[in-house]
Amino acid sequence: MYSFTEENYLKTIYHLSQQKHPESVTTNAIAELLQTKAASVTDMLKKLSDKKLISYVKYQGVNLTEKGRKVAIGTVRKHRLWEVFLFDKLKFGWDEVHEVAEQLEHIQSDNLIEKLDAFLNYPTVDPHGDPIPRKDGTIKNQKLTPLVECKKNTQVVMSGVKEHSVSFLQHLNKMELSLGKKIKIHEVHEFDRSMVLMVDKGTKILVSNEVAKNILVSEV
């Protein structure tokens with residue numbers, strides 16, 4: 001058994017290693033994401049290192065051990081399954097599920113999680129399009145492309161988001177952009193690289209370059 005804090009640190013290190021730090025994760029990066037002091041991070045890293053959950057050398061960064069990776073991925077699996085449950089079954093908005101799932105992810109019953117997975121019919125992605133790790137810890141990643149990289153007249157399906165903040169998801173809600181929407185790139189403005197999208201063969205909407213960077217799409 002591990003504490004909530006230990007699981008959160010391992011999950012944070014895992015996410016950072018996947019996103020920005022493929023070789024090793026820095027103390028400052030962890031502190032920034034967890035919004036805490038670097039000194040507090042250092043203290044926790046020493047504890048995690050003593051438990052053989054991470055490989056940590058001061059000033060050189062952090063890597064998960066196989067043991068630590070297993071705990072981190074297990075926490076991610078629980079988090080994303082709970083998000084699916086909240087979104088699909090309890091009708092929470094995709095901008096609401098993260099905070100509640102942060103609490104539910106620390107439930108330790110493996111039996112509950114396997115029954116939850118079966119109840120949800122073994123989903124492969126969460127409400128934000130992120131892949132859900134399988135029971136054995138393997139992850140099947142989709143090949144998704146940032147919308148900003150698509151050219152005029154390309155037809156795609158909105159399949160994920162890079163930005164998970166509440167404000168960003170609510171911004172997409174206002175534009176009625178959600179996973180599964182079929183999009184055609186109607187126009188790309190040369191000046192600021194903003195885009196005019198035709199959504200579901202109907203409404204045309206203008207999205208900024210910043211929004212286009214954070215929407216992930218797949219081929220139709």
# chains A, B, ... in the order shown; residues from 1 in each chain; ligands from 1
>>> residues_around(residues="Asn153 of chain A", least_positions_apart="2", cutoff="8 Å", atoms="only C-alpha atoms", output="number ranges by chain")
A: 151, 155, 184-187
>>> residues_around(residues="segment 85-102 of chain A", least_positions_apart="3", cutoff="12 Å", atoms="only C-alpha atoms", output="PDB file with N, CA and C atoms, in the first residue's frame")
ATOM      1  N   PHE A   4      -1.600   8.447  -0.582  1.00  0.00           N
ATOM      2  CA  PHE A   4      -2.107   9.279  -1.672  1.00  0.00           C
ATOM      3  C   PHE A   4      -0.973  10.108  -2.266  1.00  0.00           C
ATOM      4  N   THR A   5      -0.171  10.693  -1.391  1.00  0.00           N
ATOM      5  CA  THR A   5       0.908  11.578  -1.839  1.00  0.00           C
ATOM      6  C   THR A   5       1.935  10.819  -2.664  1.00  0.00           C
ATOM      7  N   GLU A   7       1.475   8.062  -4.410  1.00  0.00           N
ATOM      8  CA  GLU A   7       0.885   7.733  -5.709  1.00  0.00           C
ATOM      9  C   GLU A   7       0.820   8.954  -6.610  1.00  0.00           C
ATOM     10  N   ASN A   8       0.497  10.105  -6.046  1.00  0.00           N
ATOM     11  CA  ASN A   8       0.437  11.338  -6.849  1.00  0.00           C
ATOM     12  C   ASN A   8       1.804  11.700  -7.411  1.00  0.00           C
ATOM     13  N   LYS A  11       2.645   9.229 -10.223  1.00  0.00           N
ATOM     14  CA  LYS A  11       1.839   9.543 -11.403  1.00  0.00           C
ATOM     15  C   LYS A  11       2.374  10.801 -12.095  1.00  0.00           C
ATOM     16  N   THR A  75      -2.302   3.689 -11.089  1.00  0.00           N
ATOM     17  CA  THR A  75      -3.042   4.878 -10.646  1.00  0.00           C
ATOM     18  C   THR A  75      -3.678   5.589 -11.836  1.00  0.00           C
ATOM     19  N   VAL A  76      -2.937   5.690 -12.927  1.00  0.00           N
ATOM     20  CA  VAL A  76      -3.465   6.305 -14.149  1.00  0.00           C
ATOM     21  C   VAL A  76      -4.654   5.498 -14.663  1.00  0.00           C
ATOM     22  N   ARG A  77      -4.537   4.181 -14.639  1.00  0.00           N
ATOM     23  CA  ARG A  77      -5.628   3.293 -15.090  1.00  0.00           C
ATOM     24  C   ARG A  77      -6.890   3.554 -14.277  1.00  0.00           C
ATOM     25  N   LYS A  78      -6.764   3.590 -12.956  1.00  0.00           N
ATOM     26  CA  LYS A  78      -7.919   3.838 -12.090  1.00  0.00           C
ATOM     27  C   LYS A  78      -8.524   5.211 -12.368  1.00  0.00           C
ATOM     28  N   HIS A  79      -7.658   6.211 -12.499  1.00  0.00           N
ATOM     29  CA  HIS A  79      -8.125   7.577 -12.746  1.00  0.00           C
ATOM     30  C   HIS A  79      -8.965   7.654 -14.018  1.00  0.00           C
ATOM     31  N   ARG A  80      -8.463   7.072 -15.080  1.00  0.00           N
ATOM     32  CA  ARG A  80      -9.140   7.199 -16.372  1.00  0.00           C
ATOM     33  C   ARG A  80     -10.403   6.354 -16.437  1.00  0.00           C
ATOM     34  N   LEU A  81     -10.412   5.212 -15.763  1.00  0.00           N
ATOM     35  CA  LEU A  81     -11.646   4.425 -15.703  1.00  0.00           C
ATOM     36  C   LEU A  81     -12.724   5.167 -14.920  1.00  0.00           C
ATOM     37  N   TRP A  82     -12.335   5.795 -13.815  1.00  0.00           N
ATOM     38  CA  TRP A  82     -13.310   6.570 -13.046  1.00  0.00           C
ATOM     39  C   TRP A  82     -13.827   7.754 -13.862  1.00  0.00           C
ATOM     40  N   GLU A 105      -9.140   7.701  -7.598  1.00  0.00           N
ATOM     41  CA  GLU A 105      -8.026   6.899  -8.112  1.00  0.00           C
ATOM     42  C   GLU A 105      -7.223   6.206  -7.012  1.00  0.00           C
ATOM     43  N   HIS A 106      -7.382   6.629  -5.774  1.00  0.00           N
ATOM     44  CA  HIS A 106      -6.587   6.064  -4.685  1.00  0.00           C
ATOM     45  C   HIS A 106      -7.265   4.891  -3.984  1.00  0.00           C
ATOM     46  N   ILE A 107      -8.456   4.508  -4.445  1.00  0.00           N
ATOM     47  CA  ILE A 107      -9.110   3.310  -3.901  1.00  0.00           C
ATOM     48  C   ILE A 107      -8.240   2.098  -4.212  1.00  0.00           C
ATOM     49  N   ILE A 113     -11.854  -2.314  -9.256  1.00  0.00           N
ATOM     50  CA  ILE A 113     -11.417  -1.715 -10.518  1.00  0.00           C
ATOM     51  C   ILE A 113     -11.659  -2.668 -11.688  1.00  0.00           C
ATOM     52  N   LYS A 115     -13.994  -4.968 -11.836  1.00  0.00           N
ATOM     53  CA  LYS A 115     -15.449  -4.993 -12.049  1.00  0.00           C
ATOM     54  C   LYS A 115     -15.913  -3.700 -12.729  1.00  0.00           C
ATOM     55  N   LEU A 116     -15.290  -2.590 -12.365  1.00  0.00           N
ATOM     56  CA  LEU A 116     -15.609  -1.304 -12.998  1.00  0.00           C
ATOM     57  C   LEU A 116     -15.261  -1.357 -14.484  1.00  0.00           C
ATOM     58  N   ASP A 117     -14.098  -1.887 -14.803  1.00  0.00           N
ATOM     59  CA  ASP A 117     -13.658  -2.014 -16.192  1.00  0.00           C
ATOM     60  C   ASP A 117     -14.663  -2.851 -16.991  1.00  0.00           C
ATOM     61  N   ALA A 118     -15.083  -3.970 -16.413  1.00  0.00           N
ATOM     62  CA  ALA A 118     -16.049  -4.840 -17.087  1.00  0.00           C
ATOM     63  C   ALA A 118     -17.411  -4.157 -17.235  1.00  0.00           C
ATOM     64  N   PHE A 119     -17.835  -3.459 -16.193  1.00  0.00           N
ATOM     65  CA  PHE A 119     -19.115  -2.747 -16.209  1.00  0.00           C
ATOM     66  C   PHE A 119     -19.142  -1.704 -17.324  1.00  0.00           C
ATOM     67  N   LEU A 120     -18.008  -1.077 -17.570  1.00  0.00           N
ATOM     68  CA  LEU A 120     -17.907  -0.038 -18.603  1.00  0.00           C
ATOM     69  C   LEU A 120     -17.630  -0.634 -19.983  1.00  0.00           C
ATOM     70  N   ASN A 121     -17.555  -1.983 -20.046  1.00  0.00           N
ATOM     71  CA  ASN A 121     -17.299  -2.698 -21.302  1.00  0.00           C
ATOM     72  C   ASN A 121     -15.898  -2.436 -21.842  1.00  0.00           C
ATOM     73  N   TYR A 122     -14.943  -2.386 -20.925  1.00  0.00           N
ATOM     74  CA  TYR A 122     -13.522  -2.303 -21.254  1.00  0.00           C
ATOM     75  C   TYR A 122     -13.173  -1.135 -22.184  1.00  0.00           C
ATOM     76  N   PRO A 123     -13.402   0.088 -21.754  1.00  0.00           N
ATOM     77  CA  PRO A 123     -13.092   1.254 -22.596  1.00  0.00           C
ATOM     78  C   PRO A 123     -11.595   1.367 -22.848  1.00  0.00           C
ATOM     79  N   VAL A 125     -10.221   4.461 -24.099  1.00  0.00           N
ATOM     80  CA  VAL A 125      -9.815   5.861 -23.904  1.00  0.00           C
ATOM     81  C   VAL A 125     -10.742   6.521 -22.890  1.00  0.00           C
ATOM     82  N   ASP A 126     -10.244   7.581 -22.253  1.00  0.00           N
ATOM     83  CA  ASP A 126     -11.064   8.318 -21.291  1.00  0.00           C
ATOM     84  C   ASP A 126     -11.807   9.450 -22.010  1.00  0.00           C
ATOM     85  N   PRO A 127     -12.598  10.263 -21.313  1.00  0.00           N
ATOM     86  CA  PRO A 127     -13.384  11.312 -21.986  1.00  0.00           C
ATOM     87  C   PRO A 127     -12.556  12.390 -22.677  1.00  0.00           C
ATOM     88  N   HIS A 128     -11.248  12.422 -22.417  1.00  0.00           N
ATOM     89  CA  HIS A 128     -10.383  13.406 -23.077  1.00  0.00           C
ATOM     90  C   HIS A 128      -9.572  12.787 -24.214  1.00  0.00           C
ATOM     91  N   GLY A 129      -9.818  11.490 -24.472  1.00  0.00           N
ATOM     92  CA  GLY A 129      -9.112  10.817 -25.556  1.00  0.00           C
ATOM     93  C   GLY A 129      -7.807  10.176 -25.147  1.00  0.00           C
ATOM     94  N   GLY A 160      -9.013  13.815 -29.310  1.00  0.00           N
ATOM     95  CA  GLY A 160      -8.331  14.037 -28.042  1.00  0.00           C
ATOM     96  C   GLY A 160      -7.976  15.492 -27.843  1.00  0.00           C
ATOM     97  N   VAL A 161      -7.449  15.790 -26.653  1.00  0.00           N
ATOM     98  CA  VAL A 161      -6.985  17.142 -26.343  1.00  0.00           C
ATOM     99  C   VAL A 161      -5.645  17.057 -25.624  1.00  0.00           C
ATOM    100  N   GLU A 163      -4.452  19.834 -23.919  1.00  0.00           N
ATOM    101  CA  GLU A 163      -4.684  20.695 -22.758  1.00  0.00           C
ATOM    102  C   GLU A 163      -5.912  20.191 -22.007  1.00  0.00           C
ATOM    103  N   HIS A 164      -5.750  19.980 -20.688  1.00  0.00           N
ATOM    104  CA  HIS A 164      -6.851  19.412 -19.899  1.00  0.00           C
ATOM    105  C   HIS A 164      -7.444  20.394 -18.895  1.00  0.00           C
ATOM    106  N   SER A 165      -7.045  21.655 -18.962  1.00  0.00           N
ATOM    107  CA  SER A 165      -7.540  22.616 -17.979  1.00  0.00           C
ATOM    108  C   SER A 165      -9.048  22.818 -18.136  1.00  0.00           C
ATOM    109  N   VAL A 166      -9.692  23.129 -17.010  1.00  0.00           N
ATOM    110  CA  VAL A 166     -11.135  23.364 -17.018  1.00  0.00           C
ATOM    111  C   VAL A 166     -11.491  24.492 -17.978  1.00  0.00           C
ATOM    112  N   SER A 167     -10.702  25.561 -17.966  1.00  0.00           N
ATOM    113  CA  SER A 167     -11.002  26.723 -18.818  1.00  0.00           C
ATOM    114  C   SER A 167     -10.942  26.360 -20.296  1.00  0.00           C
ATOM    115  N   PHE A 168      -9.980  25.516 -20.682  1.00  0.00           N
ATOM    116  CA  PHE A 168      -9.863  25.113 -22.084  1.00  0.00           C
ATOM    117  C   PHE A 168     -11.039  24.220 -22.490  1.00  0.00           C
ATOM    118  N   LEU A 169     -11.371  23.265 -21.654  1.00  0.00           N
ATOM    119  CA  LEU A 169     -12.474  22.362 -21.972  1.00  0.00           C
ATOM    120  C   LEU A 169     -13.807  23.108 -22.032  1.00  0.00           C
ATOM    121  N   GLN A 170     -13.975  24.082 -21.151  1.00  0.00           N
ATOM    122  CA  GLN A 170     -15.195  24.889 -21.189  1.00  0.00           C
ATOM    123  C   GLN A 170     -15.229  25.764 -22.433  1.00  0.00           C
ATOM    124  N   HIS A 171     -14.068  26.214 -22.869  1.00  0.00           N
ATOM    125  CA  HIS A 171     -13.977  27.000 -24.111  1.00  0.00           C
ATOM    126  C   HIS A 171     -14.419  26.145 -25.296  1.00  0.00           C
ATOM    127  N   LEU A 172     -13.989  24.887 -25.319  1.00  0.00           N
ATOM    128  CA  LEU A 172     -14.413  23.980 -26.387  1.00  0.00           C
ATOM    129  C   LEU A 172     -15.909  23.712 -26.305  1.00  0.00           C
ATOM    130  N   ASN A 173     -16.427  23.610 -25.085  1.00  0.00           N
ATOM    131  CA  ASN A 173     -17.874  23.405 -24.907  1.00  0.00           C
ATOM    132  C   ASN A 173     -18.670  24.532 -25.557  1.00  0.00           C
ATOM    133  N   LYS A 174     -18.201  25.758 -25.370  1.00  0.00           N
ATOM    134  CA  LYS A 174     -18.907  26.918 -25.916  1.00  0.00           C
ATOM    135  C   LYS A 174     -18.945  26.877 -27.442  1.00  0.00           C
ATOM    136  N   LEU A 177     -17.371  21.887 -29.542  1.00  0.00           N
ATOM    137  CA  LEU A 177     -16.358  20.972 -30.047  1.00  0.00           C
ATOM    138  C   LEU A 177     -16.132  19.885 -29.001  1.00  0.00           C
ATOM    139  N   SER A 178     -16.302  18.636 -29.399  1.00  0.00           N
ATOM    140  CA  SER A 178     -16.131  17.519 -28.480  1.00  0.00           C
ATOM    141  C   SER A 178     -15.609  16.310 -29.249  1.00  0.00           C
ATOM    142  N   LEU A 179     -15.196  15.280 -28.517  1.00  0.00           N
ATOM    143  CA  LEU A 179     -14.652  14.093 -29.168  1.00  0.00           C
ATOM    144  C   LEU A 179     -15.696  13.456 -30.081  1.00  0.00           C
TER     145      LEU A 179
END
>>> select_by_dssp(residues="segment 48-202 of chain A", states="strand (DSSP E or B)", output="PyMOL selection string")
chain A and resi 54-57+61-64+125+131+145-146+155-161+182-188+195-199
>>> residues_around(residues="Glu210 of chain A", least_positions_apart="6", cutoff="10 Å", atoms="only C-alpha atoms", output="VMD selection string")
chain A and resid 148 192 to 194
>>> residues_around(residues="segment 53-61 of chain A", least_positions_apart="4", cutoff="10 Å", atoms="only C-alpha atoms", output="PyMOL selection string")
chain A and resi 6+10+13+21+23-29+42+45-49+65-72
>>> write_last_selection(atoms="C-alpha atoms", output="PDB file, in the first residue's frame")
ATOM      1  CA  GLU A   6       3.264   8.830  -2.957  1.00  0.00           C
ATOM      2  CA  LEU A  10       4.684   8.627  -9.061  1.00  0.00           C
ATOM      3  CA  ILE A  13       6.745  11.653 -12.678  1.00  0.00           C
ATOM      4  CA  HIS A  21      11.163  14.743 -20.133  1.00  0.00           C
ATOM      5  CA  GLU A  23      15.233  10.930 -20.292  1.00  0.00           C
ATOM      6  CA  SER A  24      14.794  12.111 -16.703  1.00  0.00           C
ATOM      7  CA  VAL A  25      12.401  14.322 -14.764  1.00  0.00           C
ATOM      8  CA  THR A  26      13.708  17.314 -12.840  1.00  0.00           C
ATOM      9  CA  THR A  27      12.780  18.293  -9.302  1.00  0.00           C
ATOM     10  CA  ASN A  28      11.679  21.719 -10.514  1.00  0.00           C
ATOM     11  CA  ALA A  29       9.337  20.215 -13.115  1.00  0.00           C
ATOM     12  CA  THR A  42      13.342  16.510  -2.693  1.00  0.00           C
ATOM     13  CA  LEU A  45      11.928  11.753  -3.737  1.00  0.00           C
ATOM     14  CA  LYS A  46      14.267  10.453  -1.046  1.00  0.00           C
ATOM     15  CA  LYS A  47      11.374   8.446   0.466  1.00  0.00           C
ATOM     16  CA  LEU A  48      10.377   7.053  -2.924  1.00  0.00           C
ATOM     17  CA  SER A  49      13.988   6.160  -3.643  1.00  0.00           C
ATOM     18  CA  THR A  65      11.897   1.986 -11.532  1.00  0.00           C
ATOM     19  CA  GLU A  66       9.844  -0.911 -12.907  1.00  0.00           C
ATOM     20  CA  LYS A  67       8.181  -1.152  -9.499  1.00  0.00           C
ATOM     21  CA  GLY A  68       7.388   2.577  -9.488  1.00  0.00           C
ATOM     22  CA  ARG A  69       6.133   2.508 -13.060  1.00  0.00           C
ATOM     23  CA  LYS A  70       3.707  -0.275 -12.173  1.00  0.00           C
ATOM     24  CA  VAL A  71       2.234   1.809  -9.326  1.00  0.00           C
ATOM     25  CA  ALA A  72       2.067   4.936 -11.508  1.00  0.00           C
TER      26      ALA A  72
END
>>> closest_residue(among="A:Val156, A:Val196, A:Met1, A:Thr12", to="Ser208 of chain A", atoms="only C-alpha atoms")
A:Val196
>>> atom_distance(atom1="atom CA of Ile205 of chain A", atom2="atom CA of Asp130 of chain A")
24.9 Å
>>> closest_residue(among="A:Leu33, A:Lys204, A:Lys162, A:Lys143", to="Ser218 of chain A", atoms="only C-alpha atoms")
A:Lys143
>>> residues_around(residues="Gly180 of chain A", least_positions_apart="6", cutoff="8 Å", atoms="only C-alpha atoms", output="PDB file with N, CA and C atoms, in the first residue's frame")
ATOM      1  N   VAL A 157     -11.340  13.645 -37.568  1.00  0.00           N
ATOM      2  CA  VAL A 157     -12.246  13.460 -36.432  1.00  0.00           C
ATOM      3  C   VAL A 157     -11.540  13.934 -35.175  1.00  0.00           C
ATOM      4  N   MET A 158     -12.209  14.741 -34.375  1.00  0.00           N
ATOM      5  CA  MET A 158     -11.635  15.188 -33.108  1.00  0.00           C
ATOM      6  C   MET A 158     -11.566  13.999 -32.161  1.00  0.00           C
ATOM      7  N   SER A 159     -10.326  13.646 -31.720  1.00  0.00           N
ATOM      8  CA  SER A 159     -10.139  12.408 -30.958  1.00  0.00           C
ATOM      9  C   SER A 159      -9.425  12.584 -29.627  1.00  0.00           C
TER      10      SER A 159
END
>>> atom_distance(atom1="atom CA of Gln19 of chain A", atom2="atom CA of Met44 of chain A")
21.6 Å
>>> atom_distance(atom1="atom CA of His15 of chain A", atom2="atom CA of Asp110 of chain A")
22.1 Å
>>> closest_residue(among="A:Val217, A:Val199, A:Leu16, A:Ala38", to="Leu144 of chain A", atoms="only C-alpha atoms")
A:Val217
>>> select_by_dssp(residues="segment 67-156 of chain A", states="alpha helix (DSSP H)", output="PyMOL selection string")
chain A and resi 67-84+97-104+110-119
>>> residues_around(residues="Lys201 of chain A", least_positions_apart="4", cutoff="10 Å", atoms="only C-alpha atoms", output="PDB file with C-alpha atoms, in the first residue's frame")
ATOM      1  CA  LYS A 181     -16.935  15.584 -34.072  1.00  0.00           C
ATOM      2  CA  LYS A 182     -16.121  15.416 -37.775  1.00  0.00           C
ATOM      3  CA  ILE A 183     -14.114  18.436 -38.882  1.00  0.00           C
ATOM      4  CA  LYS A 184     -13.142  19.825 -42.271  1.00  0.00           C
ATOM      5  CA  LEU A 197     -13.549  24.756 -39.330  1.00  0.00           C
TER       6      LEU A 197
END
>>> closest_residue(among="A:Lys140, A:Lys213, A:Lys51, A:Arg134", to="Tyr2 of chain A", atoms="only C-alpha atoms")
A:Lys51
>>> decode(residues="segment 112-161 of chain A", atoms="C-alpha atoms", output="PDB file, in the first residue's frame")
ATOM      1  CA  LEU A 112     -13.492  -3.124  -7.670  1.00  0.00           C
ATOM      2  CA  ILE A 113     -11.417  -1.715 -10.518  1.00  0.00           C
ATOM      3  CA  GLU A 114     -11.678  -4.913 -12.573  1.00  0.00           C
ATOM      4  CA  LYS A 115     -15.449  -4.993 -12.049  1.00  0.00           C
ATOM      5  CA  LEU A 116     -15.609  -1.304 -12.998  1.00  0.00           C
ATOM      6  CA  ASP A 117     -13.658  -2.014 -16.192  1.00  0.00           C
ATOM      7  CA  ALA A 118     -16.049  -4.840 -17.087  1.00  0.00           C
ATOM      8  CA  PHE A 119     -19.115  -2.747 -16.209  1.00  0.00           C
ATOM      9  CA  LEU A 120     -17.907  -0.038 -18.603  1.00  0.00           C
ATOM     10  CA  ASN A 121     -17.299  -2.698 -21.302  1.00  0.00           C
ATOM     11  CA  TYR A 122     -13.522  -2.303 -21.254  1.00  0.00           C
ATOM     12  CA  PRO A 123     -13.092   1.254 -22.596  1.00  0.00           C
ATOM     13  CA  THR A 124      -9.812   2.063 -24.332  1.00  0.00           C
ATOM     14  CA  VAL A 125      -9.815   5.861 -23.904  1.00  0.00           C
ATOM     15  CA  ASP A 126     -11.064   8.318 -21.291  1.00  0.00           C
ATOM     16  CA  PRO A 127     -13.384  11.312 -21.986  1.00  0.00           C
ATOM     17  CA  HIS A 128     -10.383  13.406 -23.077  1.00  0.00           C
ATOM     18  CA  GLY A 129      -9.112  10.817 -25.556  1.00  0.00           C
ATOM     19  CA  ASP A 130      -6.243   9.598 -23.378  1.00  0.00           C
ATOM     20  CA  PRO A 131      -5.533   5.836 -23.571  1.00  0.00           C
ATOM     21  CA  ILE A 132      -6.528   3.689 -20.594  1.00  0.00           C
ATOM     22  CA  PRO A 133      -3.797   1.248 -19.530  1.00  0.00           C
ATOM     23  CA  ARG A 134      -4.822  -2.396 -19.633  1.00  0.00           C
ATOM     24  CA  LYS A 135      -4.803  -4.598 -16.537  1.00  0.00           C
ATOM     25  CA  ASP A 136      -1.310  -5.857 -17.463  1.00  0.00           C
ATOM     26  CA  GLY A 137       0.009  -2.285 -17.654  1.00  0.00           C
ATOM     27  CA  THR A 138       0.351  -2.098 -21.425  1.00  0.00           C
ATOM     28  CA  ILE A 139      -0.952   0.959 -23.227  1.00  0.00           C
ATOM     29  CA  LYS A 140      -2.205   1.130 -26.796  1.00  0.00           C
ATOM     30  CA  ASN A 141      -1.510   4.652 -27.985  1.00  0.00           C
ATOM     31  CA  GLN A 142      -3.501   6.125 -30.844  1.00  0.00           C
ATOM     32  CA  LYS A 143      -1.788   7.971 -33.634  1.00  0.00           C
ATOM     33  CA  LEU A 144      -3.203  11.462 -33.149  1.00  0.00           C
ATOM     34  CA  THR A 145      -2.174  14.691 -34.875  1.00  0.00           C
ATOM     35  CA  PRO A 146      -2.485  18.268 -33.582  1.00  0.00           C
ATOM     36  CA  LEU A 147      -5.196  20.057 -35.560  1.00  0.00           C
ATOM     37  CA  VAL A 148      -2.752  22.898 -36.249  1.00  0.00           C
ATOM     38  CA  GLU A 149      -0.737  20.573 -38.504  1.00  0.00           C
ATOM     39  CA  CYS A 150      -3.671  19.832 -40.788  1.00  0.00           C
ATOM     40  CA  LYS A 151      -3.963  21.516 -44.181  1.00  0.00           C
ATOM     41  CA  LYS A 152      -6.892  23.185 -45.868  1.00  0.00           C
ATOM     42  CA  ASN A 153      -9.676  20.824 -47.013  1.00  0.00           C
ATOM     43  CA  THR A 154      -8.410  17.997 -44.776  1.00  0.00           C
ATOM     44  CA  GLN A 155     -11.202  15.992 -43.124  1.00  0.00           C
ATOM     45  CA  VAL A 156     -10.547  14.609 -39.641  1.00  0.00           C
ATOM     46  CA  VAL A 157     -12.246  13.460 -36.432  1.00  0.00           C
ATOM     47  CA  MET A 158     -11.635  15.188 -33.108  1.00  0.00           C
ATOM     48  CA  SER A 159     -10.139  12.408 -30.958  1.00  0.00           C
ATOM     49  CA  GLY A 160      -8.331  14.037 -28.042  1.00  0.00           C
ATOM     50  CA  VAL A 161      -6.985  17.142 -26.343  1.00  0.00           C
TER      51      VAL A 161
END
